[in-house]
Amino acid sequence: MNIKLLKQESPCRWRMEKYGPMRVDALFFGNKDIILELDDTTVSQVRDVASLPGVVGQVCAMPDAHSGYGFPIGGVGAFDEKHGVISAGGVGFDISCGVRTLTTGLKKQDLITCDAKLADLLFKRIPSGAGVGGDIILEGDQLDEMLLGGASWAVGQGVGKPEDLGRIEGNGRNNFADPCKVPLKAKQRMRNQMGSLGSGNHYLEVQYVEEIYDKAKAAAFGIGIDDVVVSIHCGSRGLGHQIAKDYLPMMAKAAPGFGIKLPHKDIACAPINSELGRDYLGAMGAGINCALANRQAITHLVRECFTDTLPQADLRLLYDVSHNTCHREEFKINGKKKNLWVHRKGATRALGPGHPELPREFKKHGQPVIIGGSMGTASYILSGTKDSAEISFSSCCHGAGRVMSRAKARKNFKGNKIQKELGRHGIIIRTGSFKGIAEEAPLAYKDVDMIIESTQTAGIAEKVARLRPILCIKG
DNA sequence: ATGTCC
């Protein structure tokens with residue numbers, strides 16, 4: 001982008017003062033290279049969000065920002081609860097897509113002789129791929145019960161341990177969920193998809209802790225050097241997708257009736273206090289619960305796989321955090337505490353130390369923030385900062401961020417070659433789709449290390465540990 | 001992201 005449009009506030013913080021239809025400023029995070037490479041669509045999408053009714057504070061673009069449907073991926077927009085809007089495009093198609101990381105009590109040496117066997121078993125037991133379902137079938141009322149209860153429903157079914165729930169954003173359940181507002185078709189698509197990974201950038205990785213940046217925080221999070229961990233990156237499968245697909249046109253159609261002039265046809269939204277806004281909120285909350293239940297169900301399958309191969313393992317949930325959500329949260333605007341609807345699309349919640357929503361063990365150091373890298377590259381565990389409440393509505397980046405379209409990646413890379421290449425670096429890939437592997441090639445993404453450095457320099461999260469993949473199950 | 005175009 002044209003850097004002259006921005007005022008550099010600090011090495012990785014750049015302010016665009018509001019102009020034209022913008023109601024608030026925009027804040028871009030990243031080093032100079034990242035800012036220079038932001039494409040025009042992403043920037044204009046940030047300006048569109050800053051032009052919506054009831055937007056407050058500043059709209060943020062994370063270092064991994066790129067263009068999305070209407071609303072940028074890596075974007076944060078907060079709206080006043082009286083006059084603001086809720087946007088289906090501001091949450092994204094994969095509602096509550098997120099990452100959870102489990103500790104195992106194992107060291108990387110424990111896996112040397114059985115990594116391939118573990119990879120085969122995980123690939124066999126955990127359904128992956130587009131449109132692929134699993135053995136869990138939700139019949140009759142079970143689907144609505146899942147949509148209402150989230151991960152806590154799953155634990156009630158014997159899927160996982162009660163202590164998992166305290167380690168999930170919102171204790172594993174979204175209170176705004178209203179299954180009645182979820183389109184029937186969305187429910188039908190989900191009946192056989194519980195406990196499945198999906199495709200695209202979703203994965204299940206067994207990783208080890210390669211580096212620790214903050215010993216005290218790492219100890220509080222329960223991780224040490226060479227520890228084996230498991231990370232699960234997935235979302236609400238066909239259900240979330242169908243909710244977005246159905247609500248987007250409804251919002252676009254209804255906008256003029258609410259007196260909203262949409263800055264772009266794709267950035268559909270409805271007043272949070274309208275019937276349609278509330279309906280979407282109920283459906284989205286159900287979508288969040290679906291994703292939380294899904295990651296819980298997959299966790300259960302992972303535990304079974306470890307019991308079969310490495311029975312000494314003890315899989316405990318470190319944390320589960322989503323990066324496609326809209327939550328009601330309290331922030332100070334012009335010195336006054338206000339309830340806001342915070343959209344985070346491709347942005348991770350990162351609560352700072354002392355935040356009332358954090359479990360006791362994380363109060364001192366801030367929320368564990370899990371950042372999934374692209375396939376074959378590093379992932380990170382960060383911690384939330386106090387300052388991020390003021391700077392970014394307690395949000396930070398969510399991953400590496402694409403630099404190449406899926407189509408372009410398919411042309412440039414061959415899936416089987418990528419698999420072999422990663423194999424030479426000691427990373428086992430199991431997949432049902434070589435096309436998917438090509439689309440997810442490491443070079444189709446920005447350098448995650450650079451994204452993390454910029455995130456830390458911007459002051460919105462701090463490095464705790466770097467994870468390196470041992471094996472990866474790809475959809 | 002997605003029964004990868006109802």
# chains A, B, ... in the order shown; residues from 1 in each chain; ligands from 1
>>> interface_residues(of="chain A", to="chain B", cutoff="7 Å", atoms="only C-alpha atoms (C1' of nucleotides)", output="number ranges by chain")
A: 93-94, 131, 200, 238, 241
>>> select_by_dssp(residues="region 234-422 of chain A", states="strand (DSSP E or B)", output="number ranges by chain")
A: 234, 270-271, 316-322, 324-333, 336-345, 348-349, 368-371, 379-384, 395-396, 402
>>> write_last_selection(atoms="N, CA and C atoms", output="CSV table (one decimal), in the first residue's frame")
chain,number,residue,atom,x,y,z
A,234,CYS,N,-9.2,-26.4,13.4
A,234,CYS,CA,-10.4,-26.7,12.6
A,234,CYS,C,-11.6,-25.8,13.1
A,270,ALA,N,-26.2,-6.2,9.8
A,270,ALA,CA,-27.5,-5.7,10.3
A,270,ALA,C,-27.3,-5.1,11.7
A,271,PRO,N,-28.2,-4.2,12.1
A,271,PRO,CA,-28.0,-3.6,13.4
A,271,PRO,C,-28.1,-4.7,14.5
A,316,ARG,N,-3.5,-33.3,28.2
A,316,ARG,CA,-4.3,-32.2,28.9
A,316,ARG,C,-4.4,-31.0,28.0
A,317,LEU,N,-5.5,-30.4,28.1
A,317,LEU,CA,-5.8,-29.2,27.3
A,317,LEU,C,-5.0,-28.0,27.8
A,318,LEU,N,-4.1,-27.4,27.0
A,318,LEU,CA,-3.5,-26.2,27.4
A,318,LEU,C,-4.4,-25.0,27.2
A,319,TYR,N,-4.9,-24.9,26.0
A,319,TYR,CA,-5.9,-23.8,25.7
A,319,TYR,C,-6.6,-24.0,24.4
A,320,ASP,N,-7.8,-23.5,24.2
A,320,ASP,CA,-8.5,-23.6,23.0
A,320,ASP,C,-9.0,-22.1,22.7
A,321,VAL,N,-8.6,-21.6,21.6
A,321,VAL,CA,-9.0,-20.2,21.2
A,321,VAL,C,-9.4,-20.1,19.8
A,322,SER,N,-10.5,-19.4,19.5
A,322,SER,CA,-11.0,-19.3,18.1
A,322,SER,C,-10.4,-18.0,17.5
A,324,ASN,N,-12.3,-16.8,14.5
A,324,ASN,CA,-13.4,-16.2,13.6
A,324,ASN,C,-14.6,-16.1,14.5
A,325,THR,N,-14.8,-15.0,15.2
A,325,THR,CA,-15.9,-14.8,16.1
A,325,THR,C,-16.4,-13.4,16.2
A,326,CYS,N,-17.5,-13.3,16.9
A,326,CYS,CA,-18.0,-12.0,17.4
A,326,CYS,C,-18.4,-12.2,18.8
A,327,HIS,N,-17.8,-11.5,19.7
A,327,HIS,CA,-18.1,-11.6,21.1
A,327,HIS,C,-18.5,-10.3,21.8
A,328,ARG,N,-19.4,-10.3,22.8
A,328,ARG,CA,-19.6,-9.1,23.5
A,328,ARG,C,-18.6,-9.0,24.6
A,329,GLU,N,-17.9,-7.9,24.6
A,329,GLU,CA,-16.8,-7.7,25.6
A,329,GLU,C,-16.8,-6.2,26.0
A,330,GLU,N,-16.2,-6.1,27.2
A,330,GLU,CA,-16.2,-4.7,27.8
A,330,GLU,C,-14.8,-4.1,27.5
A,331,PHE,N,-14.8,-2.9,27.0
A,331,PHE,CA,-13.6,-2.1,26.8
A,331,PHE,C,-13.9,-0.6,27.1
A,332,LYS,N,-12.8,0.1,27.3
A,332,LYS,CA,-12.9,1.6,27.5
A,332,LYS,C,-12.9,2.3,26.2
A,333,ILE,N,-13.9,3.1,26.0
A,333,ILE,CA,-13.9,4.0,24.8
A,333,ILE,C,-13.9,5.4,25.3
A,336,LYS,N,-14.5,5.7,29.0
A,336,LYS,CA,-15.7,5.1,29.6
A,336,LYS,C,-15.9,3.7,29.2
A,337,LYS,N,-16.2,2.8,30.3
A,337,LYS,CA,-16.4,1.4,30.0
A,337,LYS,C,-17.6,1.2,29.2
A,338,LYS,N,-17.5,0.4,28.1
A,338,LYS,CA,-18.6,0.1,27.3
A,338,LYS,C,-18.7,-1.4,26.9
A,339,ASN,N,-19.9,-1.9,26.7
A,339,ASN,CA,-20.0,-3.2,26.1
A,339,ASN,C,-20.0,-3.1,24.6
A,340,LEU,N,-19.1,-3.9,24.0
A,340,LEU,CA,-18.9,-3.8,22.5
A,340,LEU,C,-19.1,-5.2,21.9
A,341,TRP,N,-19.5,-5.2,20.6
A,341,TRP,CA,-19.5,-6.4,19.9
A,341,TRP,C,-18.2,-6.4,19.1
A,342,VAL,N,-17.3,-7.3,19.5
A,342,VAL,CA,-16.0,-7.3,18.8
A,342,VAL,C,-15.9,-8.4,17.8
A,343,HIS,N,-15.7,-8.0,16.5
A,343,HIS,CA,-15.6,-9.0,15.4
A,343,HIS,C,-14.1,-9.3,15.3
A,344,ARG,N,-13.7,-10.5,15.4
A,344,ARG,CA,-12.3,-10.9,15.1
A,344,ARG,C,-12.4,-12.0,14.0
A,345,LYS,N,-11.9,-11.5,12.8
A,345,LYS,CA,-11.9,-12.5,11.6
A,345,LYS,C,-10.5,-12.7,11.3
A,348,THR,N,-7.0,-13.4,16.7
A,348,THR,CA,-7.1,-14.2,17.9
A,348,THR,C,-7.3,-13.3,19.1
A,349,ARG,N,-8.3,-13.7,20.0
A,349,ARG,CA,-8.4,-13.0,21.2
A,349,ARG,C,-7.2,-13.2,22.1
A,368,PRO,N,-3.1,-17.7,27.2
A,368,PRO,CA,-2.3,-18.4,26.2
A,368,PRO,C,-3.0,-18.1,24.8
A,369,VAL,N,-2.2,-17.7,23.9
A,369,VAL,CA,-2.6,-17.4,22.5
A,369,VAL,C,-2.0,-18.4,21.6
A,370,ILE,N,-2.8,-19.2,20.9
A,370,ILE,CA,-2.2,-20.2,20.0
A,370,ILE,C,-2.2,-19.8,18.6
A,371,ILE,N,-1.1,-19.7,17.9
A,371,ILE,CA,-0.9,-19.3,16.6
A,371,ILE,C,-0.4,-20.4,15.7
A,379,SER,N,4.7,-23.2,14.7
A,379,SER,CA,3.6,-22.6,15.4
A,379,SER,C,4.1,-21.9,16.6
A,380,TYR,N,3.3,-21.0,17.2
A,380,TYR,CA,3.7,-20.3,18.4
A,380,TYR,C,2.7,-20.3,19.5
A,381,ILE,N,3.2,-20.3,20.7
A,381,ILE,CA,2.3,-20.0,21.8
A,381,ILE,C,2.7,-18.6,22.4
A,382,LEU,N,1.8,-17.7,22.4
A,382,LEU,CA,2.0,-16.3,22.9
A,382,LEU,C,1.2,-16.1,24.1
A,383,SER,N,1.4,-14.9,24.7
A,383,SER,CA,0.5,-14.6,25.9
A,383,SER,C,0.0,-13.2,25.6
A,384,GLY,N,-1.2,-12.9,26.1
A,384,GLY,CA,-1.9,-11.6,25.9
A,384,GLY,C,-1.2,-10.6,26.7
A,395,SER,N,-6.6,-8.3,20.9
A,395,SER,CA,-6.6,-9.2,19.7
A,395,SER,C,-5.2,-9.2,19.2
A,396,CYS,N,-4.8,-10.3,18.5
A,396,CYS,CA,-3.5,-10.3,17.8
A,396,CYS,C,-3.7,-11.2,16.5
A,402,ARG,N,-1.9,-15.9,4.0
A,402,ARG,CA,-1.6,-16.3,2.6
A,402,ARG,C,-0.9,-15.2,1.9
>>> atom_distance(atom1="CA of Leu52 (chain A)", atom2="CA of Asp279 (chain A)")
19.5 Å
>>> atom_distance(atom1="CA of Thr103 (chain A)", atom2="CA of Ala441 (chain A)")
26.6 Å
>>> select_by_dssp(residues="region 263-416 of chain A", states="alpha helix (DSSP H)", output="ChimeraX atom specification")
/A:275-309,388-392,406-412,415-416
>>> residues_around(residues="region 191-196 of chain A", least_positions_apart="2", cutoff="8 Å", atoms="only C-alpha atoms (C1' of nucleotides)", output="PyMOL selection string")
chain A and resi 126-128+132-139+143+187-189+198+237-238+293-298+301
>>> residues_around(residues="Thr377 (chain A)", least_positions_apart="3", cutoff="12 Å", atoms="only C-alpha atoms (C1' of nucleotides)", output="VMD selection string")
chain A and resid 205 207 210 371 to 374 380 399 to 400 422 425 to 427 440 to 449 466 to 472
>>> residues_around(residues="Gly346 (chain A)", least_positions_apart="6", cutoff="7 Å", atoms="only C-alpha atoms (C1' of nucleotides)", output="list in words")
Ile73, Gly74, Gly75, His323, Asn324 and His398 of chain A
